[in-house]
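A quick write-up on the structure given underneath.
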Number of protein chains: 2
Amino acid sequence: MTEKSSLTKAELVTLLSTFIDPNLIIADQETQRPYECDGLSMYCQMPLLVVLPETLDQVQGLLKICHQYGIPVVPRGAGTGLCAGAMPDKNGVVLSLAKFNQILDIDPVARMARVEPGVRNLAISEAAAEFGLYYGPDPSSQIACTLGGNVAENSGGVHCLKYGLTVHNILKIKMFTVEGKLISLGCEGLDSAGMDLVALITGSEGLLGVVTEITVKLLPIPEKAQVVMAAFDSVQKAGDAVGQIIAQGIIPAGLEMMDGHAIRAAEDFAKAGYPLDAEALLLCEVDGTKEEVHEHIEQVELAFQQLGAFEVRVSQNEAERALLWKGRKSAFPAVGRISPDYYCMDGTIPRGQLAYVLTEMQKLSEYYGLRVANVFHAGDGNLHPLILFDANIPGEFEKTEEFGARILELCVKVGGCITGEHGVGVEKIRQMHSQFSEQELAQFHAIKDAFDSAGTLNPGKGVPLLRHCQEYRTLEKPAPSGGNH
Amino acid sequence: MTEKSSLTKAELVTLLSTFIDPNLIIADQETQRPYECDGLSMYCQMPLLVVLPETLDQVQGLLKICHQYGIPVVPRGAGTGLCAGAMPDKNGVVLSLAKFNQILDIDPVARMARVEPGVRNLAISEAAAEFGLYYGPDPSSQIACTLGGNVAENSGGVHCLKYGLTVHNILKIKMFTVEGKLISLGCEGLDSAGMDLVALITGSEGLLGVVTEITVKLLPIPEKAQVVMAAFDSVQKAGDAVGQIIAQGIIPAGLEMMDGHAIRAAEDFAKAGYPLDAEALLLCEVDGTKEEVHEHIEQVELAFQQLGAFEVRVSQNEAERALLWKGRKSAFPAVGRISPDYYCMDGTIPRGQLAYVLTEMQKLSEYYGLRVANVFHAGDGNLHPLILFDANIPGEFEKTEEFGARILELCVKVGGCITGEHGVGVEKIRQMHSQFSEQELAQFHAIKDAFDSAGTLNPGKGVPLLRHCQEYRTLEKPAPSGGNH
């Protein structure tokens with residue numbers, strides 16, 4: 001990694017201006033401001049330059065220059081990420097792919113679309129709708145986030161329980177290596193020869209290359225979708241119900257959970273008709289053909305009743321379905337209304353551990369004296385605890401960060417992982433030490449070296465430096481909640 | 001890569017015997033014979049030694065010694081592979097994982113099983129049946145092949161159209177690095193932090209490590225399955241029908257195709273009731289709930305009629321379903337009866353190219369004067385052309401190899417790939433040059449180096465040496481079928 005480049009900022013601007021429109025090279029701090037962070041605004045950093053190339057030749061030229069002079073490059077999509085994966089490097093260039101926003105091709109017979117990295121997630125489904133098709137992964141930012149960013153963070157969404165993460169929905173990637181060489185990975189068939197570099201690149205947070213084209217799978221739009229709401233008087237009962245529904249062989253399109261704090265905040269805001277006395281609410285969506293949905297909805301309804309829900313309600317039409325989802329979809333901003341600040345965590349646990357982890361999290365909440373609201377993808381065990389805090393109270397942010405770290409460590413302890421769909425970025429780089437051994441981290445470094453030995457692609461993200469390992473372990477405190485599991 | 005180790009065979013045996021039962025170290029040629037090849041017997045090689053360790057400590061000890069002395073190690077499962085991926089190295093040790101054949105754990109709530117690499121594919125489904133669960137990927141060798149080999153080759157099967165390849169059905173892997181360090185990759189949640197090394201290892205043919213434990217996903221056993229047989233008077237019509245069925249939004253559990261040669265050979269052998277005057281036959285299986293299957297079968301039946309099938313038949317009970325599949329399942333041995341020898345190819349193409357590729361393949365068949373029978377997973381574009389030849393006719397095997405290479409190049413030309421589920425191994429290592437550019441191959445080498453810089457893990461497989469690149473391109477002949485596509 002280069003601390004200082006051998007080019008001055010002015011020299012770099014001059015060099016880039018020979019082949020990139022100077023209006024697309026942002027050198028002044030005021031215009032750079034929107035690029036100082038991604039969606040996780042607590043981590044920010046002004047870059048050396050922001051550049052928005054318009055052609056592949058320009059991207060290649062930029063990469064070659066940066067490689068030659070050891071200048072860090074941070075690729076950036078729409079900046080909606082939640083792990084500071086696109087946070088600038090102070091000596092580096094933010095390479096925005098925003099101008100690459102074309103859907104190049106839709107092939108309804110092969111059920112594929114070829115898109116540029118700056119295409120918005122939802123735009124693919126909008127364009128494919130005329131063929132009765134859509135793109136599966138639906139992160140909550142799907143109206144704004146772009147496919148390049150989705151690939152970088154392996155994004156999920158409400159429906160990834162049934163339809164998978166980004167990695168399960170892409171076939172082929174074209175990318176520039178750090179030296180500016182264009183390579184093509186994967187193929188349009190189900191399998192690909194050689195090592196699975198498409199999967200390796202997906203979720204690698206811009207550390208291995210700059211993606212310039214993505215071939216995605218398209219799915220048929222389901223004939224029908226219906227949702228069941230089930231209210232419980234404890235999070236344990238709801239947590240167990242999640243495991244049981246899945247164990248019965250039903251694969252819902254989405255299976256979401258909210259706890260008491262989230263229910264009341266959401267209901268107050270969205271008037272979705274959620275029972276205010278519930279301590280946990282599940283929303284279970286089933287999609288498919290009419291017959292399939294009818295049959296599964298009956299099974300789900302019955303199961304929830306048997307598993308101790310005190311109220312079960314099934315949407316009878318699209319308006320009712322939309323209303324039940326409205327509460328869930330507005331839960332984050334609704335929680336924002338009951339606290340000056342909140343910090344959204346992201347971790348994954350085996351489904352069977354839901355009840356245990358929610359209980360332990362409650363203990364941590366009491367220990368730290370900070371409320372936590374839970375709104376999450378229960379079906380795939382992807383937690384999104386929202387820690388409520390007030391940044392104006394001295395020390396409360398630090399306490400929040402520590403509470404967050406404890407939650408991630410708890411996920412690891414029960415066999416889960418420190419991310420579900422938000423990625424590692426800067427935010428969770430220390431927790432990589434809880435997840436992986438030094439040998440495993442060394443293997444990540446070896447792969448990073450295989451793509452970018454100088455370490456100029458998105459430095460400081462995703463994979464922690466090994467010399468921090470011992471330091472981090474020394475810092476570890478005994479778990480306040482006590483028991484090992 | 002080490003041409004000769006600094007230990008003699010006798011010294012190595014002595015060293016290994018200090019911690020491995022000498023009965024499990026096979027040094028004499030006669031007992032080694034069963035290990036000289038995998039299922040692709042045209043490539044064979046006797047090894048230095050075959051070793052069948054019984055404990056992880058023994059595997060580790062063996063790897064450490066081989067690493068120290070630069071002795072090649074070729075990991076081996078059941079040896080049912082079809083690309084010579086497990087062909088021994090003459091100076092190396094064949095490391096059989098056959099003794100690691102325990103299912104360690106089945107968790108029905110999390111729908112996961114933890115297995116050792118020597119567990120047979122079908123054994124997982126047998127053990128999970130009491131929970132109403134099964135393991136999805138079903139290679140035709142599933143009664144014998146083992147999970148370790150499935151991971152090495154990213155195996156598929158008839159049902160991977162709906163349920164995915166091995167890579168889509170595993171969550172976690174434990175493996176030894178070439179130095180004998182144990183690392184754990186992936187997690188029990190849907191996503192994993194860091195780079196997707198589980199996907200990278202899957203399909204890497206033992207070049208990156210020795211897998212010692214695999215956590216697989218389990219699926220609910222479908223309530224019902226039914227199959228539709230559709231007969232066509234041309235492969236083009238059947239090829240187009242495949243694309244249309246998928247484009248209509250139906251995802252069959254399996255969608256298989258046989259051409260005229262295969263139909264007549266299979267019918268003669270299995271008496272499945274296939275129409276002998278058909279030039280192409282499709283078998284389309286639908287599974288799910290009763291209602292779902294009922295609805296989809298009606299759609300599929302109607303679609304085949306509209307797409308020009310001259311006969312459409314739906315299985316009315318399990319006996320009829322089994323009979324329709326019996327023909328397909330016995331097609332390979334049945335074709336074996338109409339020719340002294342056959343060579344089973346494996347390549348993948350985008351579904352929309354099926355009719356074109358089958359026509360081109362027919363032209364190649366005429367050019368080489370060799371018959372070709374097609375029996376394959378049409379739904380996911382995974383071709384298995386069987387080239388019929390007679391090894392006793394001088395030059396005919398060489399002609400067959402060349403014909404096979406042409407077929408793989410055709411797959412690449414239409415946007416597909418040189419393997420579907422059999423892997424690259426020794427067999428297709430030259431065709432890696434048609435699939436990938438030198439830059440892309442260089443990236444594969446860099447990753448290999450990141451795991452095994454001395455190149456002692458399964459040398460000579462999967463990734464061709466770069467210095468062969470130019471040589472191979474010089475050898476290329478103009479395509480006999482003429483046209484570019």
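Residues in the structure tokens are named by chain (A, B, ... in the order shown) and by number from 1 within that chain; ligands are numbered from 1 in the order shown.
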
For this session: Show which residues sit within 8 Å of Met257 in chain A, as a PyMOL selection string. Count only C-alpha atoms, and ignore same-chain residues fewer than 2 positions away.
Result: chain A and resi 238+255+259+280-283+374-378

Written selection (C-alpha atoms) as a PDB file, in the first residue's frame:
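part.pdb written:
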ATOM      1  CA  ALA A 238     -41.564 -16.428  17.386  1.00  0.00           C
ATOM      2  CA  LEU A 255     -40.001 -14.555   6.465  1.00  0.00           C
ATOM      3  CA  ASP A 259     -39.760  -7.353  18.078  1.00  0.00           C
ATOM      4  CA  ALA A 280     -42.828 -10.405  18.302  1.00  0.00           C
ATOM      5  CA  LEU A 281     -44.414 -10.386  14.878  1.00  0.00           C
ATOM      6  CA  LEU A 282     -43.678 -12.621  11.914  1.00  0.00           C
ATOM      7  CA  LEU A 283     -44.577 -11.788   8.327  1.00  0.00           C
ATOM      8  CA  ASN A 374     -35.006  -6.038  16.030  1.00  0.00           C
ATOM      9  CA  VAL A 375     -36.285  -5.979  12.453  1.00  0.00           C
ATOM     10  CA  PHE A 376     -34.844  -8.720  10.321  1.00  0.00           C
ATOM     11  CA  HIS A 377     -34.835 -11.516   7.777  1.00  0.00           C
ATOM     12  CA  ALA A 378     -35.617 -14.290  10.248  1.00  0.00           C
TER      13      ALA A 378
END

Counting only C-alpha atoms, which residues of chain B sit at most 7 Å from some atom of chain A, and what is each one's closest atom pair with its distance in Å to one decimal, listed by chain and rising residue number, as a Markdown table?
| residue | atom | partner | partner_atom | distance |
| --- | --- | --- | --- | --- |
| B:Pro108 | CA | A:Ala247 | CA | 6.2 |
| B:Val109 | CA | A:Ala247 | CA | 4.9 |
| B:Ala110 | CA | A:Arg351 | CA | 5.9 |
| B:Arg111 | CA | A:Ala247 | CA | 6.8 |
| B:Ile183 | CA | A:Glu440 | CA | 5.9 |
| B:Cys187 | CA | A:Gly416 | CA | 6.0 |
| B:Glu188 | CA | A:Pro350 | CA | 5.8 |
| B:Gly189 | CA | A:Pro350 | CA | 5.5 |
| B:Leu190 | CA | A:Asp380 | CA | 6.3 |
| B:Asp191 | CA | A:Gly420 | CA | 5.4 |
| B:Ser192 | CA | A:Cys417 | CA | 6.0 |
| B:Ala193 | CA | A:Thr419 | CA | 5.6 |
| B:Gly194 | CA | A:Gly462 | CA | 6.3 |
| B:Met195 | CA | A:Ser204 | CA | 5.4 |
| B:Asp196 | CA | A:Leu200 | CA | 5.1 |
| B:Leu197 | CA | A:Leu200 | CA | 6.6 |
| B:Ala199 | CA | A:Ala199 | CA | 6.0 |
| B:Leu200 | CA | A:Asp196 | CA | 5.1 |
| B:Gly203 | CA | A:Met195 | CA | 6.3 |
| B:Ser204 | CA | A:Met195 | CA | 5.4 |
| B:Pro220 | CA | A:Gly249 | CA | 4.9 |
| B:Gly243 | CA | A:Val109 | CA | 5.5 |
| B:Gln244 | CA | A:Val109 | CA | 6.5 |
| B:Ala247 | CA | A:Val109 | CA | 4.9 |
| B:Gly249 | CA | A:Pro220 | CA | 4.8 |
| B:Thr289 | CA | A:Glu292 | CA | 6.8 |
| B:Glu291 | CA | A:Glu291 | CA | 5.4 |
| B:Glu292 | CA | A:Glu292 | CA | 5.2 |
| B:Thr348 | CA | A:Gly189 | CA | 5.6 |
| B:Ile349 | CA | A:Gly189 | CA | 5.5 |
| B:Pro350 | CA | A:Gly189 | CA | 5.4 |
| B:Arg351 | CA | A:Ala110 | CA | 5.8 |
| B:Gly352 | CA | A:Ala110 | CA | 5.8 |
| B:Asp380 | CA | A:Leu190 | CA | 6.2 |
| B:Gly381 | CA | A:Gly189 | CA | 6.6 |
| B:Gly415 | CA | A:Glu188 | CA | 6.2 |
| B:Gly416 | CA | A:Gly189 | CA | 5.6 |
| B:Cys417 | CA | A:Ser192 | CA | 6.0 |
| B:Ile418 | CA | A:Ala193 | CA | 6.2 |
| B:Thr419 | CA | A:Ala193 | CA | 5.6 |
| B:Gly420 | CA | A:Asp191 | CA | 5.3 |
| B:Glu421 | CA | A:Asp191 | CA | 7.0 |
| B:Gly423 | CA | A:Ala193 | CA | 6.8 |
| B:Val424 | CA | A:Ala193 | CA | 6.8 |
| B:Gln439 | CA | A:Ile183 | CA | 6.8 |
| B:Glu440 | CA | A:Ile183 | CA | 5.8 |
| B:Ala446 | CA | A:Ala450 | CA | 4.8 |
| B:Ile447 | CA | A:Ala450 | CA | 5.7 |
| B:Ala450 | CA | A:Ala446 | CA | 4.8 |
| B:Gly462 | CA | A:Gly194 | CA | 6.4 |
| B:Val463 | CA | A:Gly194 | CA | 6.9 |

Problem set entry | Near-Asp21 in chain B list (10 Å; only C-alpha atoms; drop same-chain fewer than 5 positions) as a VMD selection string | chain B and resid 16 51 to 54 58

For this session: Could you give me, as an MDAnalysis selection string, the residues within 9 Å of range 314-320 of chain B, counting only C-alpha atoms and dropping anything in the same chain fewer than 5 positions from it?
Result: chainID B and resid 225:230 272 297 301 325

Export of prior selection with all heavy atoms as an mmCIF file, in the first residue's frame:
data_model
loop_
_atom_site.group_PDB
_atom_site.id
_atom_site.type_symbol
_atom_site.label_atom_id
_atom_site.label_comp_id
_atom_site.auth_asym_id
_atom_site.auth_seq_id
_atom_site.Cartn_x
_atom_site.Cartn_y
_atom_site.Cartn_z
ATOM 1 N N ALA B 225 -44.088 -35.931 -7.744
ATOM 2 C CA ALA B 225 -43.325 -35.671 -8.964
ATOM 3 C C ALA B 225 -44.025 -36.384 -10.113
ATOM 4 O O ALA B 225 -44.569 -37.478 -9.937
ATOM 5 C CB ALA B 225 -41.890 -36.167 -8.819
ATOM 6 N N GLN B 226 -44.039 -35.740 -11.275
ATOM 7 C CA GLN B 226 -44.687 -36.324 -12.448
ATOM 8 C C GLN B 226 -43.846 -35.953 -13.665
ATOM 9 O O GLN B 226 -43.188 -34.908 -13.678
ATOM 10 C CB GLN B 226 -46.097 -35.722 -12.567
ATOM 11 C CG GLN B 226 -47.169 -36.735 -12.928
ATOM 12 C CD GLN B 226 -48.576 -36.125 -12.891
ATOM 13 O OE1 GLN B 226 -48.799 -35.121 -12.237
ATOM 14 N NE2 GLN B 226 -49.498 -36.764 -13.586
ATOM 15 N N VAL B 227 -43.862 -36.821 -14.687
ATOM 16 C CA VAL B 227 -43.011 -36.539 -15.843
ATOM 17 C C VAL B 227 -43.838 -36.520 -17.129
ATOM 18 O O VAL B 227 -44.802 -37.277 -17.273
ATOM 19 C CB VAL B 227 -41.828 -37.544 -15.910
ATOM 20 C CG1 VAL B 227 -42.301 -38.946 -16.184
ATOM 21 C CG2 VAL B 227 -40.797 -37.128 -16.938
ATOM 22 N N VAL B 228 -43.482 -35.606 -18.024
ATOM 23 C CA VAL B 228 -44.104 -35.534 -19.347
ATOM 24 C C VAL B 228 -43.068 -35.947 -20.380
ATOM 25 O O VAL B 228 -41.944 -35.441 -20.353
ATOM 26 C CB VAL B 228 -44.559 -34.087 -19.679
ATOM 27 C CG1 VAL B 228 -45.290 -34.057 -21.025
ATOM 28 C CG2 VAL B 228 -45.431 -33.527 -18.578
ATOM 29 N N MET B 229 -43.460 -36.885 -21.270
ATOM 30 C CA MET B 229 -42.591 -37.248 -22.389
ATOM 31 C C MET B 229 -43.140 -36.588 -23.647
ATOM 32 O O MET B 229 -44.341 -36.650 -23.906
ATOM 33 C CB MET B 229 -42.582 -38.766 -22.564
ATOM 34 C CG MET B 229 -41.714 -39.224 -23.728
ATOM 35 S SD MET B 229 -42.263 -40.829 -24.387
ATOM 36 C CE MET B 229 -43.601 -40.286 -25.469
ATOM 37 N N ALA B 230 -42.283 -35.921 -24.415
ATOM 38 C CA ALA B 230 -42.722 -35.309 -25.671
ATOM 39 C C ALA B 230 -41.794 -35.747 -26.787
ATOM 40 O O ALA B 230 -40.572 -35.658 -26.655
ATOM 41 C CB ALA B 230 -42.713 -33.793 -25.541
ATOM 42 N N ALA B 272 -38.995 -48.648 -22.671
ATOM 43 C CA ALA B 272 -39.679 -47.594 -21.913
ATOM 44 C C ALA B 272 -40.916 -47.082 -22.641
ATOM 45 O O ALA B 272 -41.653 -46.245 -22.112
ATOM 46 C CB ALA B 272 -38.715 -46.440 -21.655
ATOM 47 N N ILE B 297 -47.944 -29.443 -14.874
ATOM 48 C CA ILE B 297 -47.980 -30.531 -15.863
ATOM 49 C C ILE B 297 -48.936 -30.167 -16.998
ATOM 50 O O ILE B 297 -48.622 -30.363 -18.179
ATOM 51 C CB ILE B 297 -48.381 -31.866 -15.178
ATOM 52 C CG1 ILE B 297 -47.208 -32.413 -14.348
ATOM 53 C CG2 ILE B 297 -48.869 -32.895 -16.195
ATOM 54 C CD1 ILE B 297 -46.060 -33.024 -15.133
ATOM 55 N N GLU B 301 -47.700 -29.872 -20.847
ATOM 56 C CA GLU B 301 -48.338 -30.717 -21.857
ATOM 57 C C GLU B 301 -48.829 -29.855 -23.029
ATOM 58 O O GLU B 301 -48.542 -30.129 -24.195
ATOM 59 C CB GLU B 301 -49.523 -31.430 -21.176
ATOM 60 C CG GLU B 301 -49.939 -32.691 -21.859
ATOM 61 C CD GLU B 301 -51.107 -33.370 -21.132
ATOM 62 O OE1 GLU B 301 -51.443 -32.984 -19.980
ATOM 63 O OE2 GLU B 301 -51.689 -34.280 -21.732
ATOM 64 N N TRP B 325 -38.317 -42.793 -17.016
ATOM 65 C CA TRP B 325 -36.951 -42.459 -16.632
ATOM 66 C C TRP B 325 -35.968 -43.596 -16.876
ATOM 67 O O TRP B 325 -34.783 -43.376 -17.082
ATOM 68 C CB TRP B 325 -36.888 -42.043 -15.157
ATOM 69 C CG TRP B 325 -37.239 -40.600 -14.952
ATOM 70 C CD1 TRP B 325 -38.306 -40.109 -14.256
ATOM 71 C CD2 TRP B 325 -36.549 -39.460 -15.469
ATOM 72 N NE1 TRP B 325 -38.325 -38.736 -14.312
ATOM 73 C CE2 TRP B 325 -37.250 -38.303 -15.052
ATOM 74 C CE3 TRP B 325 -35.414 -39.280 -16.262
ATOM 75 C CZ2 TRP B 325 -36.859 -37.003 -15.382
ATOM 76 C CZ3 TRP B 325 -35.017 -37.989 -16.594
ATOM 77 C CH2 TRP B 325 -35.739 -36.869 -16.154
#

For this session: Check the DSSP output for the backbone and give back, as a count of residues only, the residues of range 88-141 of chain B in strand (DSSP E or B).
Result: 16

Problem set entry | Distance criterion (only C-alpha atoms): nearest to Thr146 in chain A out of A:Val426, A:Leu62, A:Ala78, A:Ile170 | A:Ala78

For this session: Looking only at helix (DSSP H, G or I) from DSSP on the backbone, list the matching residues of range 268-447 of chain B as a ChimeraX atom specification.
Result: /B:268-270,290-306,318-329,331-337,351-368,396-413,432-435,438-447

For this session: Grab the CA of Leu383 in chain B to CA of Ala265 in chain B distance for me, in Å with one decimal place.
Result: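 These two atoms are separated by 18.0 Å.
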
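Of note, CA of Gly460 in chain A and CA of Pro139 in chain A are spaced 24.8 Å apart.
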